[in-house]
Amino acid sequence: MSTPDATAAEAHPRFAEALRELGLDVEVRRFPEATRTAAEAAAAIGCELSEIVKSLIFEADGVPVLVLMDGSSRVDVELVRAELGAGKVKRAGAELVRETTGYAIGGVPPFGHRTSTRVLADRGLLDHDVVWAAAGTPHTVFPLDPKSMIGHAGGTVVDVREQSK
């Protein structure tokens, strides 16, 4: 495991600006190897997979929505559809993710996006004292307590985790 650099300057410029605007002083860690997937991030950080926050963009009747989910779980699209009262929900493509957030898939943070979208945060995130999320690039992450992370994202706590059969 490599030693990360730890400075907010390592974050994506848009995300670094969001941190400043929110008055958040968080440690942004940059890793030489990619932390694009939850598994890669957990391995690099040395934390449990469930302590990673995935920031996932879906389309609900064509409208982007952000779902925050722990790294060890999958989003139940049907629960998201029911929560939003939408007719159809599907994963957004890479172009819509970048248009909506200003970031590439694998580096999307939970807040600091180009546009304002509805945010659903799975209740399971609250099971941890600290969670880790992308800081705007596939090589950067930051820690925060889940209540603060969800609050800064403007998220609504919901149950949208896929239940094991």
# chains A, B, ... in the order shown; residues from 1 in each chain; ligands from 1
>>> residues_around(residues="range 57-72 of chain A", least_positions_apart="5", cutoff="6 Å", atoms="only C-alpha atoms", output="VMD selection string")
chain A and resid 38 49 to 50 52 86 88 to 92 117 to 122 125
>>> write_last_selection(atoms="all heavy atoms", output="compact mmCIF listing (two decimals), in the first residue's frame")
# COMPACT_ATOMS: atom_id res chain seq x y z
N ALA A 38 -15.22 1.07 -5.41
CA ALA A 38 -15.30 1.01 -3.95
C ALA A 38 -14.24 0.05 -3.40
O ALA A 38 -13.60 0.33 -2.39
CB ALA A 38 -16.70 0.58 -3.52
N LEU A 49 -15.17 -2.16 3.15
CA LEU A 49 -15.85 -1.79 1.91
C LEU A 49 -17.12 -0.98 2.20
O LEU A 49 -17.43 -0.03 1.48
CB LEU A 49 -16.18 -3.06 1.12
CG LEU A 49 -16.73 -2.90 -0.28
CD1 LEU A 49 -15.79 -2.07 -1.15
CD2 LEU A 49 -16.96 -4.26 -0.91
N SER A 50 -17.81 -1.31 3.28
CA SER A 50 -19.06 -0.61 3.61
C SER A 50 -18.83 0.83 4.10
O SER A 50 -19.77 1.60 4.21
CB SER A 50 -19.85 -1.39 4.67
OG SER A 50 -19.10 -1.48 5.87
N ILE A 52 -17.05 2.95 2.39
CA ILE A 52 -16.88 3.74 1.17
C ILE A 52 -18.26 4.22 0.73
O ILE A 52 -19.24 3.46 0.75
CB ILE A 52 -16.26 2.89 0.04
CG1 ILE A 52 -14.88 2.37 0.46
CG2 ILE A 52 -16.19 3.67 -1.27
CD1 ILE A 52 -13.84 3.44 0.72
N ALA A 86 -41.42 7.74 -9.51
CA ALA A 86 -41.08 7.82 -10.93
C ALA A 86 -41.64 6.62 -11.70
O ALA A 86 -41.90 5.57 -11.12
CB ALA A 86 -39.56 7.87 -11.09
N LYS A 88 -39.93 5.37 -14.47
CA LYS A 88 -38.79 4.56 -14.89
C LYS A 88 -37.51 5.14 -14.30
O LYS A 88 -37.28 6.34 -14.34
CB LYS A 88 -38.70 4.55 -16.42
CG LYS A 88 -37.56 3.72 -16.97
CD LYS A 88 -37.54 3.77 -18.49
CE LYS A 88 -36.38 2.94 -19.02
NZ LYS A 88 -36.22 3.10 -20.46
N VAL A 89 -36.67 4.26 -13.75
CA VAL A 89 -35.37 4.66 -13.20
C VAL A 89 -34.30 3.76 -13.80
O VAL A 89 -34.48 2.54 -13.88
CB VAL A 89 -35.34 4.55 -11.66
CG1 VAL A 89 -33.93 4.80 -11.12
CG2 VAL A 89 -36.31 5.53 -11.03
N LYS A 90 -33.21 4.36 -14.26
CA LYS A 90 -32.08 3.58 -14.79
C LYS A 90 -30.78 4.29 -14.47
O LYS A 90 -30.78 5.50 -14.17
CB LYS A 90 -32.22 3.38 -16.30
CG LYS A 90 -32.12 4.67 -17.10
CD LYS A 90 -32.20 4.41 -18.58
CE LYS A 90 -31.99 5.70 -19.36
NZ LYS A 90 -31.89 5.49 -20.79
N ARG A 91 -29.68 3.55 -14.50
CA ARG A 91 -28.35 4.14 -14.29
C ARG A 91 -28.09 5.14 -15.40
O ARG A 91 -28.38 4.90 -16.56
CB ARG A 91 -27.25 3.06 -14.33
CG ARG A 91 -27.11 2.23 -13.09
CD ARG A 91 -26.60 2.97 -11.87
NE ARG A 91 -25.21 3.34 -11.90
CZ ARG A 91 -24.23 2.61 -11.42
NH1 ARG A 91 -24.48 1.44 -10.88
NH2 ARG A 91 -23.00 3.05 -11.47
N ALA A 92 -27.51 6.27 -15.04
CA ALA A 92 -27.16 7.29 -16.03
C ALA A 92 -25.89 6.89 -16.76
O ALA A 92 -25.01 6.24 -16.18
CB ALA A 92 -26.96 8.64 -15.34
N THR A 117 -29.09 18.52 -7.85
CA THR A 117 -29.96 17.37 -8.12
C THR A 117 -30.55 16.87 -6.82
O THR A 117 -30.05 17.17 -5.74
CB THR A 117 -29.18 16.21 -8.77
OG1 THR A 117 -28.08 15.87 -7.91
CG2 THR A 117 -28.65 16.56 -10.14
N ARG A 118 -31.61 16.10 -6.93
CA ARG A 118 -32.19 15.45 -5.76
C ARG A 118 -31.21 14.38 -5.30
O ARG A 118 -30.58 13.71 -6.10
CB ARG A 118 -33.52 14.81 -6.16
CG ARG A 118 -34.20 14.13 -5.00
CD ARG A 118 -35.68 14.37 -5.00
NE ARG A 118 -36.28 13.71 -3.85
CZ ARG A 118 -37.46 13.13 -3.91
NH1 ARG A 118 -38.15 13.12 -5.03
NH2 ARG A 118 -37.96 12.56 -2.83
N VAL A 119 -31.07 14.23 -3.98
CA VAL A 119 -30.11 13.29 -3.42
C VAL A 119 -30.81 12.35 -2.45
O VAL A 119 -31.49 12.79 -1.52
CB VAL A 119 -28.96 14.03 -2.67
CG1 VAL A 119 -27.97 13.02 -2.09
CG2 VAL A 119 -28.26 15.02 -3.60
N LEU A 120 -30.63 11.05 -2.69
CA LEU A 120 -31.13 10.01 -1.78
C LEU A 120 -29.90 9.34 -1.17
O LEU A 120 -28.97 8.97 -1.88
CB LEU A 120 -31.95 8.97 -2.53
CG LEU A 120 -33.18 9.47 -3.30
CD1 LEU A 120 -33.88 8.31 -4.01
CD2 LEU A 120 -34.14 10.17 -2.35
N ALA A 121 -29.88 9.21 0.15
CA ALA A 121 -28.76 8.58 0.85
C ALA A 121 -29.27 7.34 1.58
O ALA A 121 -30.21 7.44 2.38
CB ALA A 121 -28.14 9.55 1.84
N ASP A 122 -28.68 6.20 1.28
CA ASP A 122 -29.14 4.98 1.94
C ASP A 122 -28.82 5.02 3.43
O ASP A 122 -27.73 5.41 3.85
CB ASP A 122 -28.51 3.74 1.31
CG ASP A 122 -29.14 2.48 1.87
OD1 ASP A 122 -30.30 2.19 1.49
OD2 ASP A 122 -28.51 1.82 2.72
N LEU A 125 -25.50 4.00 5.47
CA LEU A 125 -24.32 4.86 5.65
C LEU A 125 -24.19 5.31 7.10
O LEU A 125 -23.09 5.55 7.60
CB LEU A 125 -24.38 6.07 4.73
CG LEU A 125 -24.30 5.77 3.23
CD1 LEU A 125 -24.56 7.04 2.43
CD2 LEU A 125 -22.95 5.17 2.87
>>> select_by_dssp(residues="range 36-158 of chain A", states="helix (DSSP H, G or I)", output="VMD selection string")
chain A and resid 38 to 45 49 to 51 77 to 84 94 to 101 123 to 127 146 to 153
>>> closest_atom_pairs(of="range 60-154 of chain A", to="range 8-26 of chain A", cutoff="6 Å", atoms="only C-alpha atoms", output="Markdown table")
| residue | atom | partner | partner_atom | distance |
| --- | --- | --- | --- | --- |
| A:Gly112 | CA | A:Ala18 | CA | 5.0 |
| A:Ala135 | CA | A:Ala11 | CA | 5.3 |
| A:Gly136 | CA | A:His12 | CA | 4.8 |
>>> select_by_dssp(residues="range 33-147 of chain A", states="strand (DSSP E or B)", output="number ranges by chain")
A: 52-60, 63-70, 75, 89-91, 118-122, 131-134, 140-144
>>> closest_residue(among="A:Ala34, A:Ile105, A:Leu126, A:Ala133", to="Cys47 in chain A", atoms="only C-alpha atoms")
A:Ala133
>>> decode(residues="range 93-152 of chain A", atoms="C-alpha atoms", output="PDB file, in the first residue's frame")
ATOM      1  CA  GLY A  93     -24.596   7.045 -18.785  1.00  0.00           C
ATOM      2  CA  ALA A  94     -21.105   8.546 -18.498  1.00  0.00           C
ATOM      3  CA  GLU A  95     -22.037  11.658 -20.486  1.00  0.00           C
ATOM      4  CA  LEU A  96     -25.031  12.508 -18.280  1.00  0.00           C
ATOM      5  CA  VAL A  97     -22.955  11.867 -15.139  1.00  0.00           C
ATOM      6  CA  ARG A  98     -20.322  14.361 -16.324  1.00  0.00           C
ATOM      7  CA  GLU A  99     -22.962  16.900 -17.489  1.00  0.00           C
ATOM      8  CA  THR A 100     -24.817  16.687 -14.170  1.00  0.00           C
ATOM      9  CA  THR A 101     -21.910  16.560 -11.734  1.00  0.00           C
ATOM     10  CA  GLY A 102     -18.915  17.950 -13.602  1.00  0.00           C
ATOM     11  CA  TYR A 103     -16.962  14.795 -12.700  1.00  0.00           C
ATOM     12  CA  ALA A 104     -16.152  11.486 -14.395  1.00  0.00           C
ATOM     13  CA  ILE A 105     -17.549   8.176 -13.130  1.00  0.00           C
ATOM     14  CA  GLY A 106     -15.164   6.867 -10.482  1.00  0.00           C
ATOM     15  CA  GLY A 107     -14.450  10.307  -9.065  1.00  0.00           C
ATOM     16  CA  VAL A 108     -17.927  11.722  -8.329  1.00  0.00           C
ATOM     17  CA  PRO A 109     -18.066  13.252  -4.838  1.00  0.00           C
ATOM     18  CA  PRO A 110     -21.309  13.406  -2.811  1.00  0.00           C
ATOM     19  CA  PHE A 111     -21.527  17.222  -3.172  1.00  0.00           C
ATOM     20  CA  GLY A 112     -19.868  20.086  -5.068  1.00  0.00           C
ATOM     21  CA  HIS A 113     -21.596  19.260  -8.341  1.00  0.00           C
ATOM     22  CA  ARG A 114     -22.095  21.432 -11.414  1.00  0.00           C
ATOM     23  CA  THR A 115     -25.891  21.219 -11.061  1.00  0.00           C
ATOM     24  CA  SER A 116     -28.287  20.782  -8.164  1.00  0.00           C
ATOM     25  CA  THR A 117     -29.960  17.375  -8.123  1.00  0.00           C
ATOM     26  CA  ARG A 118     -32.191  15.447  -5.763  1.00  0.00           C
ATOM     27  CA  VAL A 119     -30.108  13.287  -3.419  1.00  0.00           C
ATOM     28  CA  LEU A 120     -31.125  10.014  -1.784  1.00  0.00           C
ATOM     29  CA  ALA A 121     -28.760   8.577   0.846  1.00  0.00           C
ATOM     30  CA  ASP A 122     -29.138   4.979   1.945  1.00  0.00           C
ATOM     31  CA  ARG A 123     -29.706   4.613   5.677  1.00  0.00           C
ATOM     32  CA  GLY A 124     -26.881   2.044   5.912  1.00  0.00           C
ATOM     33  CA  LEU A 125     -24.318   4.855   5.652  1.00  0.00           C
ATOM     34  CA  LEU A 126     -25.320   5.916   9.160  1.00  0.00           C
ATOM     35  CA  ASP A 127     -23.973   2.622  10.542  1.00  0.00           C
ATOM     36  CA  HIS A 128     -20.451   4.093  10.516  1.00  0.00           C
ATOM     37  CA  ASP A 129     -18.658   6.813  12.486  1.00  0.00           C
ATOM     38  CA  VAL A 130     -16.677   7.861   9.403  1.00  0.00           C
ATOM     39  CA  VAL A 131     -17.189   7.172   5.709  1.00  0.00           C
ATOM     40  CA  TRP A 132     -14.932   7.880   2.721  1.00  0.00           C
ATOM     41  CA  ALA A 133     -15.987   9.347  -0.626  1.00  0.00           C
ATOM     42  CA  ALA A 134     -14.359  10.479  -3.858  1.00  0.00           C
ATOM     43  CA  ALA A 135     -12.949  14.015  -3.868  1.00  0.00           C
ATOM     44  CA  GLY A 136     -13.614  14.665  -7.553  1.00  0.00           C
ATOM     45  CA  THR A 137     -10.983  12.421  -9.166  1.00  0.00           C
ATOM     46  CA  PRO A 138     -10.431   8.657  -9.435  1.00  0.00           C
ATOM     47  CA  HIS A 139      -7.301   9.078  -7.257  1.00  0.00           C
ATOM     48  CA  THR A 140      -8.652  11.174  -4.369  1.00  0.00           C
ATOM     49  CA  VAL A 141     -10.836  10.457  -1.337  1.00  0.00           C
ATOM     50  CA  PHE A 142     -11.863  12.236   1.845  1.00  0.00           C
ATOM     51  CA  PRO A 143     -13.346  11.149   5.195  1.00  0.00           C
ATOM     52  CA  LEU A 144     -16.367  12.665   6.933  1.00  0.00           C
ATOM     53  CA  ASP A 145     -19.010  11.531   9.385  1.00  0.00           C
ATOM     54  CA  PRO A 146     -22.013  10.251   7.420  1.00  0.00           C
ATOM     55  CA  LYS A 147     -24.575  12.679   8.880  1.00  0.00           C
ATOM     56  CA  SER A 148     -22.450  15.654   7.795  1.00  0.00           C
ATOM     57  CA  MET A 149     -21.788  14.125   4.380  1.00  0.00           C
ATOM     58  CA  ILE A 150     -25.496  13.525   3.777  1.00  0.00           C
ATOM     59  CA  GLY A 151     -26.334  16.999   5.103  1.00  0.00           C
ATOM     60  CA  HIS A 152     -23.820  18.759   2.849  1.00  0.00           C
TER      61      HIS A 152
END
